[in-house]
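*Asks:* My structure file start21.cif, mmCIF, C-alpha atoms and all ligand atoms, is below:
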```cif
data_target
loop_
_atom_site.label_atom_id
_atom_site.label_comp_id
_atom_site.auth_asym_id
_atom_site.auth_seq_id
_atom_site.Cartn_x
_atom_site.Cartn_y
_atom_site.Cartn_z
CA MET A 1 -54.81 -38.47 43.47
CA LYS A 2 -58.10 -38.04 41.60
CA HIS A 3 -59.14 -41.67 41.03
CA LEU A 4 -58.18 -45.12 42.35
CA LEU A 5 -58.32 -47.42 39.35
CA THR A 6 -55.34 -49.74 39.54
CA THR A 7 -52.31 -50.69 41.61
CA GLN A 8 -50.16 -50.85 38.48
CA GLY A 9 -48.25 -47.58 38.48
CA LEU A 10 -49.25 -46.67 42.03
CA SER A 11 -46.14 -45.07 43.54
CA LYS A 12 -44.62 -46.47 46.71
CA ASP A 13 -45.18 -43.12 48.47
CA ASP A 14 -48.88 -43.14 47.62
CA ALA A 15 -49.21 -46.81 48.62
CA ILE A 16 -47.63 -46.12 52.02
CA LEU A 17 -49.82 -43.01 52.43
CA LEU A 18 -52.92 -45.13 51.77
CA LEU A 19 -51.77 -47.79 54.27
CA ASP A 20 -50.82 -45.25 56.95
CA THR A 21 -54.13 -43.41 56.52
CA SER A 22 -55.87 -46.79 56.80
CA ALA A 23 -54.08 -47.34 60.13
CA GLN A 24 -55.43 -43.99 61.37
CA MET A 25 -58.93 -44.95 60.22
CA ALA A 26 -58.63 -48.39 61.86
CA ALA A 27 -57.78 -46.71 65.16
CA THR A 28 -61.07 -44.77 65.00
CA GLN A 29 -63.00 -47.99 64.42
CA SER A 30 -62.19 -49.44 67.84
CA ARG A 31 -63.81 -46.40 69.53
CA GLU A 32 -67.39 -46.41 70.80
CA ASN A 33 -68.27 -43.57 68.38
CA LYS A 34 -66.89 -44.81 65.08
CA LYS A 35 -68.19 -41.91 62.99
CA LEU A 36 -66.08 -39.01 61.66
CA PRO A 37 -67.55 -35.78 60.20
CA THR A 38 -64.97 -35.66 57.38
CA LEU A 39 -67.20 -36.16 54.32
CA ARG A 40 -70.41 -34.56 55.61
CA GLY A 41 -72.38 -33.17 52.65
CA ARG A 42 -70.56 -35.34 50.07
CA THR A 43 -72.34 -38.04 48.06
CA VAL A 44 -70.85 -41.48 47.36
CA VAL A 45 -72.57 -43.74 44.81
CA ASN A 46 -71.97 -47.50 44.87
CA LEU A 47 -72.51 -48.56 41.24
CA PHE A 48 -72.47 -52.36 41.08
CA TYR A 49 -72.95 -54.26 37.81
CA GLU A 50 -71.68 -57.50 39.40
CA ASP A 51 -72.60 -59.21 42.65
CA SER A 52 -70.66 -58.38 45.80
CA THR A 53 -70.97 -58.86 49.52
CA ARG A 54 -67.72 -57.64 51.15
CA THR A 55 -66.74 -54.82 48.79
CA ARG A 56 -70.18 -53.25 48.49
CA ILE A 57 -70.98 -53.44 52.19
CA SER A 58 -67.58 -52.21 53.30
CA PHE A 59 -67.60 -49.26 50.87
CA GLU A 60 -71.07 -48.37 52.16
CA THR A 61 -69.93 -48.71 55.77
CA ALA A 62 -66.76 -46.70 55.07
CA ALA A 63 -68.67 -43.84 53.44
CA LYS A 64 -71.23 -43.75 56.26
CA ARG A 65 -68.49 -43.79 58.93
CA LEU A 66 -67.11 -40.67 57.20
CA SER A 67 -70.64 -39.09 57.33
CA ALA A 68 -71.12 -39.07 53.53
CA ASP A 69 -74.53 -39.61 51.94
CA VAL A 70 -74.58 -43.01 50.24
CA ILE A 71 -76.60 -44.13 47.23
CA ASN A 72 -76.54 -47.83 46.38
CA PHE A 73 -77.13 -48.69 42.74
CA SER A 74 -77.36 -52.29 41.61
CA ALA A 75 -77.65 -52.99 37.88
CA LYS A 76 -80.20 -55.68 38.73
CA GLY A 77 -83.53 -53.94 39.12
CA SER A 78 -82.33 -50.71 37.46
CA SER A 79 -82.83 -49.28 33.97
CA VAL A 80 -79.67 -51.15 32.91
CA SER A 81 -81.98 -54.14 32.41
CA LYS A 82 -83.88 -51.96 29.88
CA GLY A 83 -80.67 -51.42 27.95
CA GLU A 84 -79.39 -48.17 29.49
CA SER A 85 -75.69 -47.64 28.73
CA LEU A 86 -72.85 -46.97 31.18
CA LYS A 87 -72.65 -43.46 29.69
CA ASP A 88 -76.29 -42.62 30.33
CA THR A 89 -76.09 -44.10 33.83
CA ALA A 90 -72.99 -41.96 34.48
CA LEU A 91 -74.72 -38.82 33.18
CA THR A 92 -77.63 -39.56 35.53
CA LEU A 93 -75.25 -39.86 38.50
CA HIS A 94 -73.55 -36.62 37.44
CA ALA A 95 -76.94 -34.86 37.34
CA MET A 96 -77.58 -36.09 40.89
CA GLY A 97 -74.32 -34.57 42.14
CA ALA A 98 -72.21 -37.64 42.88
CA ASP A 99 -68.83 -36.71 44.40
CA ALA A 100 -67.46 -40.26 44.23
CA VAL A 101 -68.52 -43.33 42.27
CA VAL A 102 -67.47 -46.75 43.45
CA VAL A 103 -67.87 -49.03 40.44
CA ARG A 104 -67.80 -52.79 40.01
CA HIS A 105 -68.28 -54.00 36.45
CA TRP A 106 -67.90 -57.25 34.54
CA ALA A 107 -65.93 -55.47 31.78
CA SER A 108 -62.19 -54.95 32.25
CA GLY A 109 -61.56 -51.23 31.73
CA ALA A 110 -65.04 -50.01 32.74
CA ALA A 111 -63.71 -48.04 35.72
CA HIS A 112 -61.08 -46.38 33.54
CA GLN A 113 -63.72 -45.41 30.99
CA LEU A 114 -65.99 -43.98 33.68
CA ALA A 115 -63.10 -41.90 35.04
CA HIS A 116 -61.87 -40.54 31.73
CA ALA A 117 -64.77 -40.38 29.27
CA GLY A 118 -65.85 -36.94 30.53
CA TRP A 119 -69.28 -38.11 31.68
CA LEU A 120 -68.66 -37.31 35.37
CA ASP A 121 -66.69 -34.91 37.61
CA ALA A 122 -66.64 -37.47 40.42
CA ALA A 123 -63.71 -39.42 41.81
CA VAL A 124 -63.91 -43.00 40.54
CA LEU A 125 -62.89 -45.93 42.74
CA ASN A 126 -62.53 -49.29 41.01
CA ALA A 127 -64.28 -51.97 43.08
CA GLY A 128 -63.33 -54.68 40.57
CA ASP A 129 -63.42 -54.58 36.75
CA GLY A 130 -63.64 -57.92 34.98
CA MET A 131 -60.39 -59.85 35.24
CA HIS A 132 -58.33 -56.65 35.43
CA GLN A 133 -57.97 -54.91 38.81
CA HIS A 134 -59.40 -54.70 42.34
CA PRO A 135 -57.12 -52.11 43.97
CA THR A 136 -58.83 -51.71 47.34
CA GLN A 137 -58.71 -55.50 47.83
CA ALA A 138 -54.94 -55.44 47.27
CA LEU A 139 -54.58 -52.49 49.65
CA LEU A 140 -56.52 -54.25 52.40
CA ASP A 141 -54.45 -57.38 51.81
CA ALA A 142 -51.20 -55.39 52.07
CA PHE A 143 -52.54 -53.63 55.18
CA THR A 144 -53.35 -56.98 56.79
CA ILE A 145 -49.94 -58.43 55.88
CA ARG A 146 -48.17 -55.34 57.24
CA ARG A 147 -50.01 -55.38 60.57
CA HIS A 148 -49.30 -59.06 61.11
CA LEU A 149 -45.84 -59.55 59.69
CA VAL A 150 -44.18 -56.14 60.08
CA GLY A 151 -45.99 -54.52 63.00
CA ARG A 152 -47.10 -56.10 66.23
CA VAL A 153 -50.81 -55.58 66.72
CA GLY A 154 -51.72 -58.50 68.92
CA GLU A 155 -53.53 -61.74 68.26
CA ASP A 156 -56.85 -60.07 67.48
CA GLY A 157 -55.33 -57.57 65.05
CA ARG A 158 -56.03 -54.66 67.41
CA GLY A 159 -53.71 -52.50 69.48
CA THR A 160 -50.94 -50.14 68.44
CA ASP A 161 -49.91 -50.64 64.85
CA THR A 162 -46.13 -50.42 64.90
CA SER A 163 -45.93 -51.01 61.16
CA VAL A 164 -46.87 -47.42 60.22
CA GLY A 165 -44.51 -46.03 57.57
CA ALA A 166 -43.08 -49.47 56.78
CA ASP A 167 -42.98 -51.30 53.47
CA LEU A 168 -43.07 -55.10 53.00
CA ALA A 169 -39.42 -55.60 52.03
CA GLY A 170 -38.14 -59.12 52.62
CA LEU A 171 -41.55 -60.77 52.88
CA ARG A 172 -42.49 -63.73 50.69
CA ILE A 173 -46.09 -64.00 49.54
CA ALA A 174 -47.50 -67.01 47.65
CA ILE A 175 -50.69 -66.33 45.66
CA VAL A 176 -52.32 -69.64 44.82
CA GLY A 177 -55.06 -70.80 42.48
CA ASP A 178 -57.13 -69.38 39.64
CA VAL A 179 -54.78 -66.58 38.62
CA LEU A 180 -56.22 -66.49 35.10
CA HIS A 181 -59.55 -64.99 36.14
CA SER A 182 -58.32 -63.08 39.19
CA ARG A 183 -58.26 -59.29 39.40
CA VAL A 184 -57.19 -59.81 43.04
CA ALA A 185 -54.01 -61.61 41.94
CA ARG A 186 -53.07 -58.99 39.37
CA SER A 187 -53.68 -56.10 41.81
CA ASN A 188 -51.72 -57.82 44.55
CA VAL A 189 -48.73 -58.71 42.37
CA TYR A 190 -48.16 -55.07 41.42
CA LEU A 191 -48.84 -53.59 44.86
CA LEU A 192 -46.80 -56.16 46.80
CA HIS A 193 -43.89 -55.73 44.38
CA THR A 194 -44.04 -51.93 44.79
CA LEU A 195 -43.93 -52.42 48.55
CA GLY A 196 -40.82 -54.59 48.28
CA ALA A 197 -42.29 -58.07 48.84
CA GLU A 198 -41.39 -61.10 46.72
CA VAL A 199 -44.38 -62.79 45.10
CA THR A 200 -44.76 -66.30 43.69
CA LEU A 201 -47.91 -67.22 41.78
CA VAL A 202 -48.81 -70.91 42.09
CA ALA A 203 -51.36 -72.33 39.66
CA PRO A 204 -52.03 -75.12 37.17
CA PRO A 205 -50.74 -74.14 33.72
CA THR A 206 -54.35 -73.85 32.45
CA LEU A 207 -55.11 -71.11 35.01
CA VAL A 208 -52.09 -68.86 34.33
CA PRO A 209 -52.74 -65.85 32.07
CA VAL A 210 -50.90 -65.23 28.82
CA GLY A 211 -48.26 -62.55 29.39
CA VAL A 212 -47.65 -63.40 33.05
CA GLU A 213 -43.90 -63.34 32.32
CA THR A 214 -44.15 -59.52 32.19
CA TRP A 215 -45.58 -59.37 35.73
CA PRO A 216 -43.11 -58.65 38.58
CA CYS A 217 -43.29 -62.11 40.17
CA ARG A 218 -42.23 -65.76 39.86
CA VAL A 219 -44.58 -68.50 38.64
CA SER A 220 -44.70 -72.06 39.97
CA TYR A 221 -46.91 -74.99 39.00
CA HIS A 222 -46.18 -76.93 42.19
CA LEU A 223 -47.79 -75.92 45.46
CA ASP A 224 -46.07 -78.42 47.78
CA GLU A 225 -42.63 -77.61 46.40
CA THR A 226 -43.25 -73.85 46.80
CA LEU A 227 -44.48 -74.18 50.37
CA GLU A 228 -41.70 -76.54 51.47
CA GLN A 229 -38.75 -74.94 49.70
CA TRP A 230 -39.70 -71.25 49.51
CA GLN A 231 -41.34 -71.02 52.97
CA PRO A 232 -43.69 -68.08 52.30
CA ASP A 233 -44.68 -65.68 55.10
CA ALA A 234 -48.24 -65.50 53.77
CA VAL A 235 -50.31 -67.77 51.54
CA MET A 236 -53.12 -66.02 49.71
CA MET A 237 -55.64 -68.47 48.26
CA LEU A 238 -57.75 -67.42 45.27
CA ARG A 239 -61.34 -68.37 44.55
CA VAL A 240 -61.88 -70.73 41.63
CA GLN A 241 -64.11 -68.53 39.46
CA ARG A 242 -66.27 -71.15 37.81
CA GLU A 243 -68.71 -68.49 36.57
CA ARG A 244 -65.98 -67.11 34.28
CA MET A 245 -65.08 -70.55 32.84
CA SER A 246 -66.50 -72.42 29.82
CA GLY A 247 -69.14 -69.79 29.13
CA GLY A 248 -70.31 -69.92 32.71
CA SER A 249 -71.18 -73.62 32.66
CA GLY A 250 -68.92 -74.18 35.63
CA ALA A 251 -66.83 -76.87 33.95
CA PHE A 252 -63.10 -76.41 34.38
CA PHE A 253 -59.84 -78.20 33.96
CA PRO A 254 -58.32 -79.67 36.10
CA SER A 255 -61.33 -81.39 37.66
CA PRO A 256 -62.43 -80.13 41.10
CA MET A 257 -61.03 -83.26 42.79
CA GLU A 258 -57.66 -83.01 41.05
CA TYR A 259 -57.54 -79.26 41.67
CA SER A 260 -58.20 -79.69 45.37
CA ARG A 261 -55.57 -82.44 45.67
CA LYS A 262 -52.84 -80.44 43.91
CA PHE A 263 -53.70 -76.82 44.73
CA GLY A 264 -56.12 -76.88 47.66
CA PHE A 265 -54.84 -75.47 50.96
CA ASP A 266 -55.48 -77.58 54.04
CA ALA A 267 -54.13 -78.25 57.54
CA ARG A 268 -51.42 -80.56 56.18
CA ARG A 269 -50.04 -77.83 53.90
CA LEU A 270 -50.42 -75.22 56.65
CA ALA A 271 -48.20 -77.33 58.91
CA VAL A 272 -45.33 -77.00 56.41
CA LEU A 273 -45.23 -73.18 56.74
CA PRO A 274 -43.11 -71.15 59.17
CA ASP A 275 -44.80 -70.63 62.56
CA HIS A 276 -45.49 -66.95 61.90
CA ALA A 277 -47.06 -67.48 58.45
CA ILE A 278 -50.63 -66.33 57.83
CA VAL A 279 -53.41 -67.71 55.60
CA MET A 280 -55.45 -65.31 53.47
CA HIS A 281 -58.40 -65.42 51.07
CA PRO A 282 -60.24 -62.43 49.56
CA GLY A 283 -63.59 -64.24 49.72
CA PRO A 284 -66.04 -65.53 48.84
CA MET A 285 -64.52 -68.95 49.51
CA ASN A 286 -65.28 -72.30 47.91
CA ARG A 287 -64.73 -74.34 51.07
CA GLY A 288 -63.51 -77.82 50.22
CA LEU A 289 -62.23 -76.74 46.79
CA GLU A 290 -59.42 -74.16 47.07
CA ILE A 291 -59.34 -74.14 50.88
CA SER A 292 -60.45 -76.61 53.55
CA ALA A 293 -62.64 -75.57 56.45
CA ALA A 294 -59.81 -76.47 58.84
CA ALA A 295 -57.44 -74.05 57.11
CA ALA A 296 -60.03 -71.29 56.65
CA ASP A 297 -61.00 -71.39 60.34
CA HIS A 298 -57.48 -71.98 61.71
CA PRO A 299 -56.08 -69.46 64.25
CA ARG A 300 -53.48 -68.46 61.64
CA SER A 301 -56.19 -67.58 59.13
CA VAL A 302 -56.70 -63.79 58.87
CA ILE A 303 -59.63 -64.03 56.45
CA VAL A 304 -62.20 -62.40 58.75
CA GLU A 305 -59.69 -59.71 59.70
CA GLN A 306 -59.18 -58.95 55.99
CA VAL A 307 -62.89 -58.10 55.80
CA ALA A 308 -62.69 -55.83 58.86
CA ASN A 309 -59.60 -54.09 57.47
CA GLY A 310 -61.50 -53.45 54.24
CA VAL A 311 -63.60 -50.81 56.00
CA ALA A 312 -60.55 -48.86 57.23
CA VAL A 313 -58.81 -49.08 53.86
CA ARG A 314 -61.92 -47.89 51.98
CA MET A 315 -62.38 -45.05 54.49
CA ALA A 316 -58.79 -44.03 53.74
CA ALA A 317 -59.29 -44.18 49.97
CA LEU A 318 -62.52 -42.15 50.09
CA TYR A 319 -60.96 -39.65 52.49
CA LEU A 320 -57.80 -39.14 50.41
CA LEU A 321 -59.68 -38.82 47.11
CA LEU A 322 -62.48 -36.57 48.35
CA SER A 323 -60.63 -34.37 50.82
CA GLY A 324 -57.76 -33.73 48.42
CA ASP A 325 -55.37 -34.44 51.30
CA THR A 326 -52.98 -36.48 49.18
CA GLY A 327 -49.25 -36.81 49.32
CA SER A 328 -48.79 -35.97 45.67
CA GLU A 329 -50.64 -33.93 43.09
CA LYS A 330 -49.93 -36.38 40.30
CA THR A 331 -52.52 -39.06 39.68
CA SER A 332 -50.30 -42.00 40.33
CA THR A 333 -53.25 -44.27 41.13
CA ASP A 334 -54.90 -43.10 37.98
CA GLU A 335 -54.05 -45.38 35.06
CA ARG A 336 -53.51 -43.22 31.99
CA ASN A 337 -52.30 -45.64 29.35
N1 LIG B 401 -63.31 -59.94 47.88
C1 LIG B 401 -64.39 -59.49 47.22
O1 LIG B 401 -64.30 -58.68 46.29
O2 LIG B 401 -65.56 -59.98 47.71
P1 LIG B 401 -67.02 -59.59 47.18
O3 LIG B 401 -67.16 -60.12 45.78
O4 LIG B 401 -67.98 -60.19 48.16
O5 LIG B 401 -67.08 -58.08 47.16
#
```
Would you put the structure from the file into structure tokens?

*Replies:*
Amino acid sequence: MKHLLTTQGLSKDDAILLLDTSAQMAATQSRENKKLPTLRGRTVVNLFYEDSTRTRISFETAAKRLSADVINFSAKGSSVSKGESLKDTALTLHAMGADAVVVRHWASGAAHQLAHAGWLDAAVLNAGDGMHQHPTQALLDAFTIRRHLVGRVGEDGRGTDTSVGADLAGLRIAIVGDVLHSRVARSNVYLLHTLGAEVTLVAPPTLVPVGVETWPCRVSYHLDETLEQWQPDAVMMLRVQRERMSGGSGAFFPSPMEYSRKFGFDARRLAVLPDHAIVMHPGPMNRGLEISAAAADHPRSVIVEQVANGVAVRMAALYLLLSGDTGSEKTSTDERN
């Protein structure tokens, strides 16, 4: 495994290896001394062309917990604003001896280009590229689902993780909302399918991407019907990405009020789910639009735990890519099409 660019094509063995390694990393994070010496002397660059809170901070935390040196690069305030290209930025990072580059970019395919254009020797980890992929988000979502619905880790998500080695066969996951603009949805559909879960996307027709019929999932336009009749084990709400709509003006169809009424998740809809079902959201949330405060803060919401699990999952990804301790030599997380 040289790069982590996409969940599409990620083998089941490599997905389980990433989740199991994440479980080992999570166990170290409940200790008083959370730091491991594993990546001492290695340099991880966080290269962010788009805003981020969770992903950037958790990659930084993960790299530091593994004792790597971390360089944070934000396009805002850099020579990118003077017109510097991705290539010249990459050559600069190469000259500085980056061992891994964590990249978030507004352009779909930017992470793939960085990995394969020959500008860098470093491992590339995709932290979100346009509307394409966000593989570590999907991995932390799968990790959270596995700990809650397959293993038994206690109410607070801590304790022995009995899910190690397991897949997600038999679980039903509903992914709800702005699928059109969501790299989180696309990454989750492929990873959850690989792990054996059934996925239903629920969205208004205007927020479903062209070509969705080729994705390994069902599509529904009716949230209440899906919740009542399909009884999902987890409901993953998606952020309405108004900045990617109508040239960034924020206008979108359906209207916010209609959207919230038909596709918003609230305590009434939560009550329809099985008792064990969990509520997820990758963040940041539009409270009152795609999810109510009551649902977001409900005891069955695992949204804060998703953030905590992001550190363990990103530690695992950095460790596996930089230590070379991978289950397979082939680059199955490395999209080569
Ligand atoms: N989930 C997610 O990618 O959040 P950030 O944009 O804050 O990184």

*Asks:* Please build the interface table for chain A against ligand LIG 401 (chain B) with a cut-off of 9 Å, listing for each qualifying residue the nearest atom pair and the distance in Å to one decimal; count all atoms listed in the file, order rows by chain and increasing number, and write it as a tab-separated table.

*Replies:*
```
residue	atom	partner	partner_atom	distance
A:Glu50	CA	B:LIG401	O3	8.2
A:Asp51	CA	B:LIG401	O3	6.3
A:Ser52	CA	B:LIG401	O5	3.8
A:Thr53	CA	B:LIG401	O4	3.5
A:Arg54	CA	B:LIG401	O4	3.9
A:Thr55	CA	B:LIG401	O5	3.7
A:Arg56	CA	B:LIG401	O5	5.9
A:Ile57	CA	B:LIG401	O5	7.9
A:Ser58	CA	B:LIG401	O5	8.5
A:Arg104	CA	B:LIG401	O5	8.9
A:Ala127	CA	B:LIG401	O1	7.4
A:Gly128	CA	B:LIG401	O1	7.0
A:His134	CA	B:LIG401	O1	7.4
A:Thr136	CA	B:LIG401	O1	8.9
A:Gln137	CA	B:LIG401	N1	6.4
A:Val184	CA	B:LIG401	N1	7.8
A:His281	CA	B:LIG401	N1	8.0
A:Pro282	CA	B:LIG401	N1	4.3
A:Gly283	CA	B:LIG401	N1	4.7
A:Pro284	CA	B:LIG401	O2	5.7
A:Val307	CA	B:LIG401	N1	8.1
```

*Asks:* Rounded to one decimal place, report the CA of Asn126 (chain A)-CA of Val103 (chain A) distance in Å.

*Replies:*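 Interatomic distance, CA of Asn126 (chain A) to CA of Val103 (chain A): 5.4 Å.
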
*Asks:* Distance CA of Gly288 (chain A)-CA of Arg269 (chain A), one decimal place?

*Replies:* 14.0 Å

*Asks:* Excluding Pro216 (chain A) and any residue of its chain fewer than 5 positions from it, enumerate the residues within 9 Å of it, using only C-alpha atoms, and give them as a PyMOL selection string.

*Replies:* chain A and resi 189-190+193+198-199

*Asks:* Skip region 257-260 of chain A itself and residues of its chain fewer than 6 positions away, then list as a list in words all residues within 10 Å of it, counting only C-alpha atoms.

*Replies:* Gly177, Ala203, Pro204, Val240, Asp266, Gly288, Leu289, Glu290, Ile291 and Ser292 of chain A

*Asks:* Identify which of the residues A:Tyr49, A:Tyr221, A:Trp230, A:Phe59 lies closest to Lys76 (chain A), counting all atoms listed in the file when measuring atom-to-atom distances.

*Replies:*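 Among the listed residues, A:Tyr49 lies closest to Lys76 (chain A).
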
*Asks:* Around all of region 185-197 of chain A's listed atoms, make the axis-aligned box with 4 Å on each side and tell me centre and edge lengths in Å to one decimal, as lines of an AutoDock Vina configuration file.

*Replies:*
```
center_x = -47.4
center_y = -56.8
center_z = 44.1
size_x = 21.2
size_y = 17.7
size_z = 17.5
```
